[in-house]
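Let me begin by presenting the structure, written as structure tokens, before commenting on it.
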Amino acid sequence: MDRNFINFHVLISHSPSCLNRDDMNMQKSAIFGGKRRVRISSQSLKRTMRKSDYYNQHLGEASTRTKKLSDLKDIVVKRLSDRYKSDLVIKALTVIAGKDMKADVAVEGDAVAPWAVEEVAWYCEQVTKHGDDEKNLLKQLKSETEAMRGALASGIDIALSGRMATSGLMSELGKVDGALAVAHAITTHTVDADIDWFTAVDDLQELGSGHLDTQEFSSGVFYRYASLNIAQMQENLGNAPREKVLEIAAHVLHMLATEVPSAKQQSFAAHNLADLAMVSFSDIPVSLANAFEEPVKASSGGGFLKPSIEAFHKYWENVHAGYGLNENCSEVILGELTSPNGVTKAKNLEALESWVKNNGQEQRI
């Protein structure tokens with residue numbers, strides 16, 4: 001029987017940077033194992049992935065996340081102008097959002113929510129077919145959930161991350177349980193942040209500086225973890241075949257290993273790629289963050305990367321021995337480090353992506 005969960009484990013060493021900040025303009029952090037770690041929030045990682053050029057190229061246009069419904073209306077009307085009259089698009093948006101979109105006044109939703117243009121197009125078809133009475137539409141469309149979810153094939157990030165809705169037809173028909181769980185990335189070791197005291201030189205000012213400020217920054221090895229519920233993803237895409245979900249999973253792997261938040265990158269340029277990426281097909285979601293509950297110590301020659309990989313592999317062995325986990329695992333590691341028994345070593349990221357697409361099996365030539 002095919003296993004239902006795909007676990008993604010990534011170790012990535014970032015050079016000095018400040019990739020995710022809090023409301024005080026300080027690096028986000030967390031206490032884990034009683035020690036301070038630098039953190040990159042799951043929200044930051046997910047936004048980084050869906051806004052990436054890679055996502056746009058391989059998974060299509062990401063959803064528009066907003067509560068500014070008036071602005072959304074203008075965008076959707078323009079995007080669908082070659083297929084539907086503006087009145088029809090506005091009617092569809094009105095019943096979906098449960099807000100009067102017909103009036104020429106600013107309208108806001110109850111919360112920020114993701115919207116996919118093709119999903120609105122699907123509702124345009126339903127309004128044409130059944131009329132724009134919300135109660136009648138709800139009655140007619142309750143049996144059309146699979147077809148409606150099929151429209152999310154053009155809004156993959158909604159199927160991955162889910163959607164909560166509180167008004168209009170969306171509250172009855174548009175709620176989506178997220179298929180991809182993403183953890184906050186944390187450093188495998190304790191971090192003492194540095195402070196950059198910087199100035200902006202005014203070329204037309206003879207003495208002093210035009211601006212003075214400080215910015216917290218640090219470097220470290222981060223553990224990224226995510227888990228994909230295959231069956232949930234199939235449901236979210238309108239009963240899509242497993243092969244479709246595995247293709248999406250391979251792209252998720254690529255983004256987790258290569259995409260980096262853009263914050264302060266013009267100042268730090270921490271454009272680092274993953275040093276290790278492991279994928280497992282499993283019956284349950286399993287995070288290996290506890291490999292780093294005791295903070296990793298730098299190696300005798302300096303550096304946290306190698307001891308982080310060693311701690312990760314050791315904990316993987318302990319968890320599998322202790323729980324008898326029946327997983328199918330493969331990984332790619334930069335350099336000459338070996339993989340533990342039970343983990344196949346892929347020659348590169350592309351090979352690991354192909355392994356994922358092939359349901360965790362080596363492709364036979």
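Just remember, in the structure tokens the first chain shown is A, the second B, etc., residues are 1-based per chain, and ligands are 1-based in the order shown.
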* **Neighbour list for Glu61 of chain A as a PyMOL selection string, cut-off 8 Å, only C-alpha atoms, skip fewer than 5 positions in-chain** => chain A and resi 55-56+154-155
Selected residues written out, N, CA and C atoms, as a PDB file, in the first residue's frame:
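again_37.pdb, freshly written:
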ATOM      1  N   TYR A  55       8.285  28.839  -8.719  1.00  0.00           N
ATOM      2  CA  TYR A  55       6.871  28.488  -8.555  1.00  0.00           C
ATOM      3  C   TYR A  55       6.080  28.913  -9.790  1.00  0.00           C
ATOM      4  N   ASN A  56       6.273  30.139 -10.216  1.00  0.00           N
ATOM      5  CA  ASN A  56       5.522  30.659 -11.359  1.00  0.00           C
ATOM      6  C   ASN A  56       5.792  29.845 -12.615  1.00  0.00           C
ATOM      7  N   SER A 154      -5.310  25.587 -10.656  1.00  0.00           N
ATOM      8  CA  SER A 154      -4.645  26.839 -11.029  1.00  0.00           C
ATOM      9  C   SER A 154      -4.329  27.681  -9.792  1.00  0.00           C
ATOM     10  N   GLY A 155      -4.527  27.117  -8.630  1.00  0.00           N
ATOM     11  CA  GLY A 155      -4.200  27.800  -7.371  1.00  0.00           C
ATOM     12  C   GLY A 155      -3.567  26.796  -6.424  1.00  0.00           C
TER      13      GLY A 155
END
* Near segment 221-224 of chain A, within 8 Å and counting only C-alpha atoms, which residues show up once chain neighbours fewer than 2 positions away are dropped, as a PyMOL selection string? -> chain A and resi 8-14+183-189+219+226+256+289+304-305+308
* Hey, what's within 10 Å of Asn290 of chain A if we count only C-alpha atoms and toss same-chain stuff fewer than 4 positions away? As a list in words, please? -> Phe32, Gly33, Thr188, Glu294, Pro295, Ala311, Phe312, Tyr315, Trp316 and Val319 of chain A
* To do: as a PyMOL selection string, list the residues of segment 229-347 of chain A assigned to strand (DSSP E or B) by DSSP on the backbone atoms of this structure.
  => chain A and resi 229+276-282+328-333+343-345
* Asked: Would you give me, as an NGL selection string, the residues in segment 50-201 of chain A that DSSP reads as helix (DSSP H, G or I)?
  -> :A and (50 or 53-59 or 69-79 or 86-97 or 117-130 or 134-141 or 145-154 or 156-161 or 168-173)
Could the residues in this selection be written to a file with C-alpha atoms, as a short mmCIF file (atom, residue, chain, number, x, y, z; two decimals), in the first residue's frame?
data_model
loop_
_atom_site.label_atom_id
_atom_site.label_comp_id
_atom_site.auth_asym_id
_atom_site.auth_seq_id
_atom_site.Cartn_x
_atom_site.Cartn_y
_atom_site.Cartn_z
CA ARG A 50 4.86 30.89 -3.80
CA ASP A 53 10.11 32.57 -10.18
CA TYR A 54 10.43 28.80 -9.86
CA TYR A 55 6.87 28.49 -8.55
CA ASN A 56 5.52 30.66 -11.36
CA GLN A 57 7.40 28.66 -13.98
CA HIS A 58 6.50 25.17 -12.75
CA LEU A 59 3.25 25.51 -10.78
CA LEU A 69 -11.98 43.09 -2.37
CA SER A 70 -12.46 46.24 -4.43
CA ASP A 71 -8.89 46.05 -5.70
CA LEU A 72 -9.28 42.31 -6.26
CA LYS A 73 -12.41 42.97 -8.31
CA ASP A 74 -10.51 45.28 -10.66
CA ILE A 75 -7.77 42.67 -11.14
CA VAL A 76 -10.12 39.74 -11.77
CA VAL A 77 -12.42 41.69 -14.10
CA LYS A 78 -9.41 42.65 -16.21
CA ARG A 79 -7.94 39.14 -16.20
CA SER A 86 -17.58 42.53 -16.16
CA ASP A 87 -21.14 42.36 -14.76
CA LEU A 88 -20.95 38.56 -14.62
CA VAL A 89 -17.55 38.57 -12.90
CA ILE A 90 -18.80 41.08 -10.32
CA LYS A 91 -21.92 38.96 -9.69
CA ALA A 92 -19.75 35.91 -9.13
CA LEU A 93 -17.44 37.77 -6.75
CA THR A 94 -20.47 39.13 -4.85
CA VAL A 95 -21.90 35.69 -4.10
CA ILE A 96 -18.50 34.16 -3.40
CA ALA A 97 -17.44 36.86 -0.92
CA VAL A 117 -8.57 33.73 -10.90
CA GLU A 118 -9.60 30.40 -12.44
CA GLU A 119 -11.70 29.61 -9.39
CA VAL A 120 -13.63 32.85 -9.95
CA ALA A 121 -14.00 31.80 -13.59
CA TRP A 122 -15.56 28.53 -12.46
CA TYR A 123 -18.09 30.46 -10.35
CA CYS A 124 -18.87 32.65 -13.35
CA GLU A 125 -19.94 29.50 -15.18
CA GLN A 126 -22.12 28.45 -12.25
CA VAL A 127 -23.80 31.86 -12.00
CA THR A 128 -24.56 31.69 -15.72
CA LYS A 129 -26.03 28.23 -15.24
CA HIS A 130 -27.92 28.62 -11.95
CA GLU A 134 -26.81 32.77 -3.03
CA LYS A 135 -29.15 30.23 -1.39
CA ASN A 136 -30.04 28.58 -4.68
CA LEU A 137 -26.40 28.48 -5.75
CA LEU A 138 -25.42 26.89 -2.45
CA LYS A 139 -28.10 24.22 -2.92
CA GLN A 140 -27.03 23.51 -6.50
CA LEU A 141 -23.29 23.48 -5.88
CA THR A 145 -17.34 20.08 -4.66
CA GLU A 146 -15.03 17.90 -6.73
CA ALA A 147 -15.42 20.09 -9.82
CA MET A 148 -14.90 23.23 -7.73
CA ARG A 149 -11.73 21.77 -6.21
CA GLY A 150 -10.56 20.93 -9.71
CA ALA A 151 -10.44 24.68 -10.36
CA LEU A 152 -7.76 24.89 -7.67
CA ALA A 153 -5.37 23.22 -10.09
CA SER A 154 -4.65 26.84 -11.03
CA ILE A 156 -1.80 25.13 -6.14
CA ASP A 157 -0.70 27.20 -3.15
CA ILE A 158 -4.30 27.22 -1.84
CA ALA A 159 -4.43 23.43 -2.09
CA LEU A 160 -1.08 23.24 -0.31
CA SER A 161 -1.62 25.80 2.45
CA GLY A 168 -20.55 34.23 1.33
CA LEU A 169 -20.47 30.99 -0.60
CA MET A 170 -16.77 30.74 0.21
CA SER A 171 -17.59 30.03 3.85
CA GLU A 172 -19.72 27.04 2.81
CA LEU A 173 -17.88 25.74 -0.24
#
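Taking atom CA of Thr190 of chain A and atom CA of Leu253 of chain A as the two end points, the separation is 26.4 Å.
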* Structure fact -> With distances taken over only C-alpha atoms, the candidate from A:Val191, A:Val286, A:Ala200, A:Ala321 nearest Gly220 of chain A is A:Val191
* Point-to-point distance from atom CA of Val182 of chain A to atom CA of Gly342 of chain A, Å rounded to tenths -> 24.8 Å
